[in-house]
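A.B. asks: Got a file for you: run.txt, compact mmCIF, C-alpha atoms.
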# COMPACT_ATOMS: atom_id res chain seq x y z
CA MET A 1 0.00 0.00 0.00
CA PHE A 2 1.32 3.40 -1.06
CA ILE A 3 0.16 6.85 -0.05
CA SER A 4 -0.11 8.47 -3.45
CA SER A 5 -1.02 11.95 -2.17
CA LEU A 6 -1.75 13.98 0.95
CA ARG A 7 -4.37 16.73 1.03
CA THR A 8 -4.72 19.06 4.02
CA THR A 9 -7.07 21.86 4.98
CA ALA A 10 -6.24 24.25 7.85
CA PHE A 11 -3.83 21.65 9.29
CA ARG A 12 -1.08 23.31 11.35
CA ASN A 13 0.86 25.71 9.12
CA LEU A 14 0.54 23.59 5.97
CA ALA A 15 -0.85 25.25 2.87
CA ASP A 16 -4.26 23.98 1.76
CA ALA A 17 -3.07 21.79 -1.07
CA GLU A 18 -2.71 18.25 -2.38
CA VAL A 19 0.87 16.94 -2.57
CA PHE A 20 1.85 13.98 -4.73
CA THR A 21 3.72 11.28 -2.80
CA GLY A 22 3.34 8.20 -5.00
CA VAL A 23 6.89 6.87 -4.79
CA LYS A 24 8.64 4.56 -2.32
CA GLU A 25 10.79 7.29 -0.71
CA VAL A 26 9.95 10.95 -0.12
CA PHE A 27 12.47 13.45 1.31
CA LEU A 28 11.22 16.66 2.94
CA ILE A 29 13.96 19.30 3.16
CA GLY A 30 13.66 22.50 5.16
CA GLU A 31 14.71 24.53 8.16
CA ASN A 32 13.13 23.97 11.55
CA GLY A 33 9.63 25.35 12.00
CA GLN A 34 8.76 25.34 8.29
CA GLY A 35 6.30 22.42 8.29
CA LYS A 36 8.27 19.20 7.68
CA THR A 37 7.11 17.54 10.90
CA ASN A 38 3.59 18.91 10.35
CA PHE A 39 3.53 17.05 7.03
CA LEU A 40 4.45 13.78 8.77
CA GLU A 41 1.91 14.54 11.48
CA ALA A 42 -0.83 14.91 8.88
CA LEU A 43 0.09 11.50 7.42
CA TYR A 44 0.03 9.99 10.91
CA PHE A 45 -3.33 11.65 11.61
CA CYS A 46 -4.77 9.80 8.63
CA ALA A 47 -3.32 6.51 9.89
CA TYR A 48 -4.45 6.78 13.53
CA ALA A 49 -6.94 9.67 13.68
CA SER A 50 -4.64 11.16 16.32
CA SER A 51 -1.32 13.00 16.56
CA PHE A 52 2.05 11.71 17.73
CA ARG A 53 2.83 15.14 19.22
CA THR A 54 -0.28 16.12 21.18
CA VAL A 55 -3.42 14.58 22.63
CA ARG A 56 -5.45 17.72 21.84
CA ASP A 57 -6.91 17.83 18.35
CA SER A 58 -7.52 21.56 18.86
CA GLU A 59 -3.75 22.12 18.58
CA LEU A 60 -3.71 20.76 15.02
CA VAL A 61 -5.84 23.50 13.50
CA ARG A 62 -4.14 26.46 11.85
CA ASN A 63 -4.01 29.22 14.45
CA SER A 64 -3.69 32.24 12.22
CA THR A 65 -7.30 33.30 12.88
CA THR A 66 -9.91 32.89 15.58
CA LYS A 67 -12.88 32.62 13.23
CA SER A 68 -15.12 29.67 14.03
CA SER A 69 -14.79 28.35 10.50
CA GLU A 70 -11.04 28.04 11.05
CA LYS A 71 -11.54 25.67 13.97
CA ASP A 72 -12.31 22.98 11.40
CA PHE A 73 -9.47 21.07 9.73
CA SER A 74 -8.87 17.87 7.81
CA ALA A 75 -6.25 15.59 6.33
CA ALA A 76 -6.79 13.02 3.60
CA VAL A 77 -4.60 10.51 1.81
CA LYS A 78 -5.21 8.75 -1.47
CA LEU A 79 -3.98 5.18 -1.58
CA ALA A 80 -2.47 2.99 -4.30
CA GLN A 81 -1.88 -0.77 -4.33
CA SER A 82 -4.65 -1.11 -1.76
CA ASP A 83 -8.24 -2.31 -1.47
CA HIS A 84 -9.09 1.21 -0.36
CA ASP A 85 -8.92 4.45 -2.33
CA GLU A 86 -8.93 7.19 0.30
CA ILE A 87 -8.85 7.94 4.02
CA LEU A 88 -10.27 11.25 5.21
CA VAL A 89 -10.08 12.36 8.84
CA LYS A 90 -11.79 15.67 9.55
CA HIS A 91 -12.71 17.81 12.51
CA GLU A 92 -15.89 19.82 12.03
CA LYS A 93 -17.86 21.74 14.64
CA GLY A 94 -15.91 20.07 17.42
CA LYS A 95 -16.52 16.53 16.18
CA LYS A 96 -14.00 14.19 14.57
CA SER A 97 -15.05 11.77 11.85
CA ILE A 98 -13.23 9.14 9.80
CA LEU A 99 -14.23 8.23 6.26
CA ILE A 100 -12.74 5.30 4.37
CA ASN A 101 -13.70 5.32 0.69
CA GLY A 102 -16.31 7.93 1.56
CA LYS A 103 -18.03 5.77 4.16
CA PRO A 104 -17.88 6.49 7.91
CA ALA A 105 -15.64 4.08 9.80
CA GLU A 106 -17.41 2.35 12.66
CA ASP A 107 -14.20 2.17 14.68
CA ARG A 108 -10.90 3.94 14.18
CA LYS A 109 -9.08 0.63 14.69
CA GLU A 110 -10.06 -0.06 11.05
CA LEU A 111 -7.25 2.33 10.12
CA LEU A 112 -4.64 -0.06 11.51
CA SER A 113 -5.28 -2.54 8.71
CA VAL A 114 -5.76 0.10 6.00
CA ALA A 115 -2.69 2.25 6.64
CA PRO A 116 -0.21 0.56 9.03
CA THR A 117 2.21 3.35 9.89
CA ILE A 118 5.16 3.67 12.27
CA VAL A 119 6.71 7.02 13.17
CA PHE A 120 10.27 7.72 14.31
CA CYS A 121 10.33 11.07 16.11
CA HIS A 122 11.88 13.06 18.94
CA GLU A 123 8.92 12.25 21.20
CA ASP A 124 10.07 8.61 21.17
CA MET A 125 12.64 9.58 23.80
CA GLU A 126 9.73 9.42 26.28
CA PHE A 127 9.81 5.62 25.89
CA VAL A 128 13.30 5.77 27.40
CA ASN A 129 13.25 8.77 29.77
CA GLY A 130 9.54 9.17 30.37
CA ALA A 131 7.06 7.80 32.87
CA PRO A 132 6.24 4.05 32.96
CA GLU A 133 2.94 4.64 31.17
CA ARG A 134 4.81 5.81 28.07
CA ARG A 135 6.64 2.48 27.85
CA ARG A 136 3.36 0.63 28.38
CA TRP A 137 1.86 2.74 25.59
CA PHE A 138 4.65 1.75 23.21
CA PHE A 139 4.30 -1.99 23.81
CA ASP A 140 0.50 -1.77 23.72
CA GLN A 141 0.75 -0.06 20.33
CA THR A 142 3.23 -2.71 19.13
CA LEU A 143 0.75 -5.48 19.98
CA SER A 144 -2.29 -3.59 18.65
CA LEU A 145 -0.68 -3.12 15.24
CA TYR A 146 -0.89 -6.83 14.47
CA ASP A 147 -3.35 -8.25 17.05
CA PRO A 148 -6.86 -6.69 16.88
CA VAL A 149 -8.06 -9.10 19.61
CA TYR A 150 -5.47 -7.63 21.98
CA LEU A 151 -6.75 -4.14 21.20
CA ASP A 152 -10.34 -5.22 21.91
CA ASP A 153 -9.36 -6.79 25.24
CA PHE A 154 -7.30 -3.72 26.12
CA ARG A 155 -10.25 -1.45 25.51
CA ARG A 156 -12.55 -3.66 27.57
CA TYR A 157 -10.06 -3.69 30.42
CA ARG A 158 -9.80 0.10 30.31
CA ARG A 159 -13.60 0.50 30.40
CA VAL A 160 -13.92 -1.74 33.47
CA LEU A 161 -10.95 0.01 35.11
CA LYS A 162 -12.48 3.44 34.45
CA THR A 163 -15.76 2.37 36.09
CA ARG A 164 -13.91 0.84 39.04
CA ASN A 165 -11.74 3.93 39.57
CA SER A 166 -14.73 6.24 39.37
CA LEU A 167 -16.48 4.21 42.06
CA LEU A 168 -13.40 4.21 44.29
CA ARG A 169 -12.76 7.93 43.78
CA ASP A 170 -16.33 8.91 44.65
CA PHE A 171 -16.12 6.89 47.84
CA ALA A 172 -12.69 8.22 48.84
CA GLN A 173 -13.76 11.83 48.22
CA ARG A 174 -16.98 11.24 50.18
CA LYS A 175 -19.15 12.01 47.16
CA THR A 176 -21.17 8.96 48.15
CA THR A 177 -21.65 7.07 51.40
CA ASP A 178 -22.69 3.87 49.65
CA ASN A 179 -20.44 0.91 50.31
CA PRO A 180 -18.71 0.20 46.95
CA GLU A 181 -17.79 -3.38 47.79
CA PRO A 182 -20.88 -5.08 46.28
CA VAL A 183 -20.24 -3.35 42.95
CA LEU A 184 -16.52 -4.12 43.16
CA GLU A 185 -17.40 -7.79 43.66
CA ALA A 186 -19.24 -7.66 40.33
CA LEU A 187 -16.56 -5.66 38.47
CA ASP A 188 -13.43 -7.49 39.62
CA PRO A 189 -14.04 -10.78 37.74
CA GLN A 190 -14.26 -8.78 34.49
CA LEU A 191 -11.17 -6.77 35.36
CA VAL A 192 -9.24 -9.96 36.09
CA MET A 193 -10.46 -11.81 33.00
CA TYR A 194 -9.37 -9.09 30.58
CA GLY A 195 -6.27 -8.22 32.60
CA LEU A 196 -4.90 -11.77 32.52
CA LYS A 197 -5.40 -11.90 28.76
CA LEU A 198 -3.35 -8.72 28.37
CA MET A 199 -0.60 -9.98 30.65
CA GLU A 200 -0.28 -13.29 28.81
CA LYS A 201 0.14 -11.59 25.45
CA ARG A 202 2.43 -8.90 26.83
CA GLU A 203 4.78 -11.47 28.31
CA ALA A 204 5.04 -13.45 25.08
CA ALA A 205 5.35 -10.33 22.93
CA VAL A 206 8.11 -8.67 24.96
CA ARG A 207 10.11 -11.91 24.94
CA ASP A 208 10.00 -12.11 21.14
CA PHE A 209 10.43 -8.35 20.74
CA SER A 210 13.46 -8.30 23.01
CA GLY A 211 15.18 -11.00 20.96
CA VAL A 212 14.99 -8.76 17.88
CA PHE A 213 15.81 -5.57 19.75
CA SER A 214 18.88 -6.93 21.59
CA THR A 215 20.51 -8.03 18.33
CA LEU A 216 19.78 -4.67 16.70
CA TYR A 217 21.26 -2.64 19.53
CA GLU A 218 24.47 -4.65 19.57
CA GLU A 219 24.82 -4.45 15.80
CA VAL A 220 24.52 -0.66 15.72
CA SER A 221 26.13 0.37 19.04
CA GLY A 222 28.49 -2.52 19.79
CA ILE A 223 26.91 -2.86 23.25
CA SER A 224 25.64 -6.37 24.00
CA GLY A 225 23.07 -7.72 26.40
CA ILE A 226 20.48 -4.92 26.14
CA SER A 227 16.94 -6.25 26.46
CA ALA A 228 13.43 -5.30 27.53
CA GLN A 229 12.17 -6.83 30.77
CA TYR A 230 8.47 -7.05 31.62
CA THR A 231 7.32 -7.00 35.25
CA GLN A 232 3.69 -7.77 36.04
CA SER A 233 1.75 -5.93 38.72
CA TRP A 234 -0.28 -9.07 39.49
CA LYS A 235 2.30 -11.63 40.51
CA ASN A 236 -0.22 -14.48 40.83
CA GLN A 237 -1.29 -15.94 37.51
CA THR A 238 -4.58 -17.76 38.14
CA GLU A 239 -7.90 -15.98 38.10
CA SER A 240 -8.81 -17.07 41.62
CA GLU A 241 -5.45 -15.95 43.01
CA VAL A 242 -5.75 -12.52 41.44
CA LEU A 243 -9.32 -12.12 42.68
CA SER A 244 -8.11 -13.00 46.16
CA HIS A 245 -5.33 -10.43 45.79
CA LEU A 246 -7.81 -7.71 44.79
CA GLN A 247 -10.02 -8.55 47.71
CA GLN A 248 -7.08 -8.29 50.12
CA ARG A 249 -6.09 -4.92 48.61
CA ARG A 250 -9.63 -3.53 48.50
CA THR A 251 -9.29 -1.45 51.66
CA ALA A 252 -6.14 0.19 50.27
CA ASP A 253 -7.86 0.84 46.94
CA MET A 254 -10.85 2.43 48.70
CA ALA A 255 -8.57 4.65 50.77
CA ALA A 256 -6.52 5.72 47.74
CA GLY A 257 -9.54 6.24 45.50
CA LEU A 258 -8.06 4.24 42.62
CA SER A 259 -7.00 0.75 41.59
CA LEU A 260 -3.46 0.25 42.85
CA SER A 261 -2.67 -2.95 40.94
CA GLY A 262 -3.30 -4.45 37.53
CA PRO A 263 -1.89 -4.35 34.00
CA HIS A 264 -2.21 -0.54 34.06
CA ARG A 265 0.65 -0.69 36.61
CA ASP A 266 2.88 -3.15 34.75
CA ARG A 267 6.49 -2.09 34.15
CA TYR A 268 8.91 -2.36 31.26
CA VAL A 269 12.62 -1.78 31.94
CA PHE A 270 15.55 -1.78 29.52
CA THR A 271 18.37 -3.74 31.11
CA GLN A 272 21.88 -4.92 30.33
CA ASN A 273 22.85 -8.54 31.03
CA ALA A 274 19.85 -8.93 33.33
CA GLN A 275 20.10 -12.72 33.49
CA THR A 276 23.67 -12.51 34.79
CA TYR A 277 23.58 -9.48 37.06
CA GLY A 278 19.88 -9.08 37.86
CA GLU A 279 17.55 -6.33 36.73
CA THR A 280 19.36 -2.98 36.43
CA ASP A 281 17.95 -0.11 34.42
CA PHE A 282 20.35 0.52 31.52
CA THR A 283 18.89 4.00 30.92
CA ILE A 284 20.20 5.23 34.28
CA LYS A 285 23.83 4.99 33.16
CA ALA A 286 23.34 5.33 29.39
CA SER A 287 24.57 8.46 27.62
CA THR A 288 22.20 10.76 25.73
CA GLY A 289 23.39 9.25 22.45
CA GLN A 290 22.82 5.72 23.69
CA LYS A 291 19.30 6.66 24.84
CA ARG A 292 18.53 8.27 21.49
CA LEU A 293 19.71 5.13 19.71
CA LEU A 294 17.60 3.04 22.09
CA ALA A 295 14.49 4.98 21.07
CA LEU A 296 15.30 4.67 17.36
CA LEU A 297 15.87 0.94 17.56
CA LEU A 298 12.68 0.41 19.57
CA ARG A 299 10.78 1.72 16.55
CA THR A 300 12.95 -0.36 14.21
CA ALA A 301 12.13 -3.50 16.19
CA GLN A 302 8.47 -2.51 16.25
CA ALA A 303 8.40 -2.31 12.45
CA ARG A 304 10.25 -5.62 12.09
CA ARG A 305 7.86 -7.27 14.54
CA TYR A 306 4.87 -6.00 12.56
CA SER A 307 6.29 -7.40 9.32
CA ALA A 308 7.09 -10.76 10.92
CA MET A 309 3.57 -11.13 12.33
CA THR A 310 1.57 -9.91 9.32
CA GLY A 311 3.74 -10.63 6.28
CA GLU A 312 3.27 -6.99 5.27
CA ASN A 313 5.61 -4.01 5.55
CA PRO A 314 4.51 -0.73 7.16
CA ILE A 315 4.81 2.87 6.04
CA LEU A 316 7.60 4.67 7.92
CA LEU A 317 7.66 8.32 8.95
CA LEU A 318 11.20 9.35 10.00
CA ASP A 319 11.54 12.81 11.49
CA ASP A 320 15.17 13.96 11.65
CA VAL A 321 16.28 10.51 12.77
CA LEU A 322 19.84 10.88 11.45
CA LEU A 323 20.42 14.40 12.78
CA GLU A 324 22.23 13.55 16.01
CA MET A 325 24.25 10.58 14.72
CA ASP A 326 27.84 10.62 13.56
CA GLY A 327 28.69 9.17 10.17
CA GLU A 328 29.42 5.64 11.37
CA LYS A 329 26.24 5.44 13.50
CA ARG A 330 24.22 6.68 10.53
CA ARG A 331 25.69 4.00 8.30
CA ARG A 332 24.96 1.27 10.84
CA PHE A 333 21.42 2.50 11.48
CA LEU A 334 20.62 2.63 7.77
CA SER A 335 21.99 -0.91 7.42
CA VAL A 336 19.39 -2.23 9.90
CA MET A 337 16.48 -0.12 8.66
CA PRO A 338 13.30 -2.22 8.68
CA ALA A 339 11.69 -3.19 5.40
CA TYR A 340 9.00 -0.71 4.40
CA LYS A 341 6.32 -0.22 1.82
CA GLN A 342 7.00 3.51 1.74
CA ALA A 343 9.13 5.93 3.76
CA PHE A 344 9.02 9.67 4.40
CA PHE A 345 12.23 11.32 5.71
CA THR A 346 12.81 14.89 6.93
CA PHE A 347 16.19 16.62 6.69
CA LEU A 348 17.68 20.02 7.38
CA PRO A 349 19.09 21.71 4.24
CA ASP A 350 22.73 21.31 5.34
CA GLU A 351 22.43 17.56 5.97
CA PRO A 352 24.01 15.22 3.39
CA TYR A 353 20.65 13.86 2.23
CA GLU A 354 21.86 13.57 -1.36
CA ARG A 355 24.02 10.58 -0.43
CA TYR A 356 20.92 8.70 0.80
CA ARG A 357 18.59 9.37 -2.11
CA LYS A 358 17.91 6.85 -4.83
CA ASP A 359 17.17 7.44 -8.49
CA ASP A 360 13.41 7.51 -7.88
CA THR A 361 13.43 9.38 -4.56
CA LEU A 362 11.09 12.37 -4.58
CA VAL A 363 12.65 15.44 -2.91
CA TYR A 364 10.48 18.31 -1.68
CA THR A 365 11.46 21.63 -0.16
CA VAL A 366 9.27 22.81 2.70
CA LYS A 367 9.11 26.53 3.52
CA ASP A 368 6.39 28.43 5.37
CA GLY A 369 4.07 25.45 5.03
CA GLN A 370 4.50 25.27 1.25
CA VAL A 371 5.69 21.91 -0.10
CA THR A 372 7.34 22.35 -3.51
Translate the structure described by the file into structure tokens.
C.D. replies:
Amino acid sequence: MFISSLRTTAFRNLADAEVFTGVKEVFLIGENGQGKTNFLEALYFCAYASSFRTVRDSELVRNSTTKSSEKDFSAAVKLAQSDHDEILVKHEKGKKSILINGKPAEDRKELLSVAPTIVFCHEDMEFVNGAPERRRWFFDQTLSLYDPVYLDDFRRYRRVLKTRNSLLRDFAQRKTTDNPEPVLEALDPQLVMYGLKLMEKREAAVRDFSGVFSTLYEEVSGISGISAQYTQSWKNQTESEVLSHLQQRRTADMAAGLSLSGPHRDRYVFTQNAQTYGETDFTIKASTGQKRLLALLLRTAQARRYSAMTGENPILLLDDVLLEMDGEKRRRFLSVMPAYKQAFFTFLPDEPYERYRKDDTLVYTVKDGQVT
């Protein structure tokens, strides 16, 4: 599947235009702040109906005017070599809608099979330096890309958890005097059922993922033994044992006003030689360059894992990924680049992008939101 063109309206600083992209590799050249990343963001918005830079859709609209009409925006891609012709994601009158071939999508997860896309960006450093939920988010996305059943179970777990936390919060804040325990007795079997399904798949996935990732990191950096370790919040594996655990922790949950254990509290840690020396967080002692490489290779392993599980290659969006690497690191990274159906790269004008282009690479200049 190729993205043959991108059309945007009032999206960030991009000009309202349709840009041809129907080749395997597209280079976007420009200074910072001109719209290169916005272009990738618009592509990503069509693939996920969300941004990789913000959780607020309101930040995506062009902010040059305050007129109500300018609060609406859209991005659309035309597709080639696909069963689908077009994806349109638009925001009108405060409501987001997704159209695939002109028909409303019932669920935005449909986009995962239509336009599987993986982005490499500066925000990926949060998977290394950020809070534990950012690492959980990364591995949940990795699984969801190729396992729609996992995504369904994840959503169900989150719905039950949201109801449970709301009940606990209202009780802790004295918004209700009703004893929440009878309702918790009804909710907990559902929470445990979906939670154990998530944990089983997470454990298997991180084991396979880590095998790919460890080899990649050693090949590019020369540092061996780096792997991802998964630690479950629920140590007991059987349904009855976990239910008993929740019952024992219920008083603590009620006092805290939230669920203190479960897959939403699972941890992922990047370690070095964990089997020999025990679990030690590699990111604590890693240099900034090693952390940046860690983030890049996480995405590389994610793309390889997707290809291995589906037999298809994703579309890659690579935002200044080579900028902070020396020549040798660049060469090694490019040598382990995952297979892709199509790739979009951004470069600063003074970068040696000419040495990476192929005969059919399409090179655009981006300035003030104009892509020419």
A.B. asks: Can you list, as an MDAnalysis selection string, every protein, DNA or RNA residue that comes within 10 Å of Tyr146 in chain A when you count only C-alpha atoms, leaving out same-chain residues fewer than 5 positions away?
C.D. replies: chainID A and resid 112:113 116 141 151 305:310
A.B. asks: To one decimal in Å, tell me the separation between CA of Glu31 in chain A and CA of Arg56 in chain A.
C.D. replies: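 Distance between the two atoms: 25.3 Å.
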A.B. asks: Near Gln34 in chain A, counting all atoms listed in the file, which residues have an atom at most 8 Å away, once you skip same-chain residues fewer than 2 positions from it, shown as a PyMOL selection string?
C.D. replies: chain A and resi 13+30-32+36+366-369
A.B. asks: Pull the closest atom pair for each residue of range 251-342 of chain A that gets at most 10 Å from range 169-189 of chain A, along with the distance in Å to one decimal, counting all atoms listed in the file, ordering rows by chain and then ascending residue number, as a Markdown table.
C.D. replies:
| residue | atom | partner | partner_atom | distance |
| --- | --- | --- | --- | --- |
| A:Thr251 | CA | A:Glu181 | CA | 9.5 |
| A:Asp253 | CA | A:Ala172 | CA | 9.0 |
| A:Met254 | CA | A:Ala172 | CA | 6.1 |
| A:Ala255 | CA | A:Ala172 | CA | 5.8 |
| A:Ala256 | CA | A:Ala172 | CA | 6.7 |
| A:Gly257 | CA | A:Arg169 | CA | 4.0 |
| A:Leu258 | CA | A:Arg169 | CA | 6.1 |
| A:Ser259 | CA | A:Arg169 | CA | 9.5 |
A.B. asks: Can you spit out the residues from that selection as a CSV table (one decimal), in the frame of the given file, using C-alpha atoms?
C.D. replies:
chain,number,residue,atom,x,y,z
A,251,THR,CA,-9.3,-1.4,51.7
A,253,ASP,CA,-7.9,0.8,46.9
A,254,MET,CA,-10.8,2.4,48.7
A,255,ALA,CA,-8.6,4.6,50.8
A,256,ALA,CA,-6.5,5.7,47.7
A,257,GLY,CA,-9.5,6.2,45.5
A,258,LEU,CA,-8.1,4.2,42.6
A,259,SER,CA,-7.0,0.8,41.6
A.B. asks: Looking at only C-alpha atoms, which of A:Thr283, A:Ser74, A:Ser97, A:Thr117 is the one that sits closest to Phe52 in chain A?
C.D. replies: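 Once distances to Phe52 in chain A are computed over only C-alpha atoms, the minimum belongs to A:Thr117.
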A.B. asks: How far is it from CA of Val206 in chain A to CA of Phe127 in chain A, in Å with one decimal?
C.D. replies: 14.4 Å
A.B. asks: Identify which of the residues A:Val212, A:Leu316, A:Glu219, A:Pro263 lies closest to Ser233 in chain A, counting all atoms listed in the file when measuring atom-to-atom distances.
C.D. replies: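 Selected residue with least distance to Ser233 in chain A: A:Pro263.
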A.B. asks: Using only C-alpha atoms, can you tell me which of A:Ile100, A:Met199, A:Leu161, A:Val119 comes closest to Trp234 in chain A?
C.D. replies: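 Ranked by minimum distance to Trp234 in chain A, first place goes to A:Met199.
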A.B. asks: Kindly indicate which residue among A:Lys24, A:Lys358, A:Arg164, A:Arg299 lies nearest to Phe138 in chain A, using only C-alpha atoms for the distances.
C.D. replies: A:Arg299
A.B. asks: Report, in Å to a single decimal, how far apart CA of Val55 in chain A and CA of Thr346 in chain A are.
C.D. replies: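 Going from CA of Thr346 in chain A over to CA of Val55 in chain A, I get 22.6 Å.
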A.B. asks: Would you mind telling me which residue in A:Lys201, A:Lys71, A:Lys341, A:Arg357 lies nearest to Gly22 in chain A when using all atoms listed in the file?
C.D. replies: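 Distance minimum relative to Gly22 in chain A lands on A:Lys341.
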A.B. asks: Using all atoms listed in the file, which residue out of A:Ser261, A:Leu198, A:Ser227, A:Arg249 lies closest to Asn273 in chain A?
C.D. replies: A:Ser227
A.B. asks: Name the residues in contact with Gln290 in chain A at a cut-off of 12 Å, using all atoms listed in the file, excluding same-chain residues fewer than 2 positions from it; report them as a list in words.
C.D. replies: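 Listing them by chain and then by number gives Met125, Val128, Asn129, Tyr217, Glu218, Val220, Ser221, Gly222, Ile223, Ile226, Phe270, Phe282, Thr283, Ile284, Lys285, Ala286, Ser287, Thr288, Arg292, Leu293, Leu294, Ala295, Leu296, Leu297, Glu324, Met325 and Lys329 of chain A.
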A.B. asks: Extract, using all atoms listed in the file, all DNA, RNA and protein residues at most 7 Å from Leu243 in chain A, discarding same-chain residues fewer than 3 positions from it, and format them as an MDAnalysis selection string.
C.D. replies: chainID A and resid 188:189 192 239:240 246:247
A.B. asks: Fewer than 6 positions away in the same chain doesn't count, so skip those; otherwise give me all residues within 10 Å of Leu28 in chain A, counting all atoms listed in the file, as a PyMOL selection string.
C.D. replies: chain A and resi 35-37+39-40+319-320+344-349+353+362-366+371-372
A.B. asks: Per residue of range 95-193 of chain A within 9 Å of range 86-90 of chain A, which atom pair is closest and at what distance in Å (one decimal), using only C-alpha atoms, listed by chain and increasing number, as a tab-separated table?
C.D. replies:
residue	atom	partner	partner_atom	distance
A:Lys95	CA	A:Lys90	CA	8.2
A:Lys96	CA	A:Lys90	CA	5.7
A:Ser97	CA	A:Lys90	CA	5.6
A:Ile98	CA	A:Val89	CA	4.6
A:Leu99	CA	A:Leu88	CA	5.1
A:Ile100	CA	A:Ile87	CA	4.7
A:Asn101	CA	A:Glu86	CA	5.1
A:Gly102	CA	A:Glu86	CA	7.5
A:Leu111	CA	A:Ile87	CA	8.4
A:Val114	CA	A:Ile87	CA	8.7
A:Ala115	CA	A:Ile87	CA	8.8
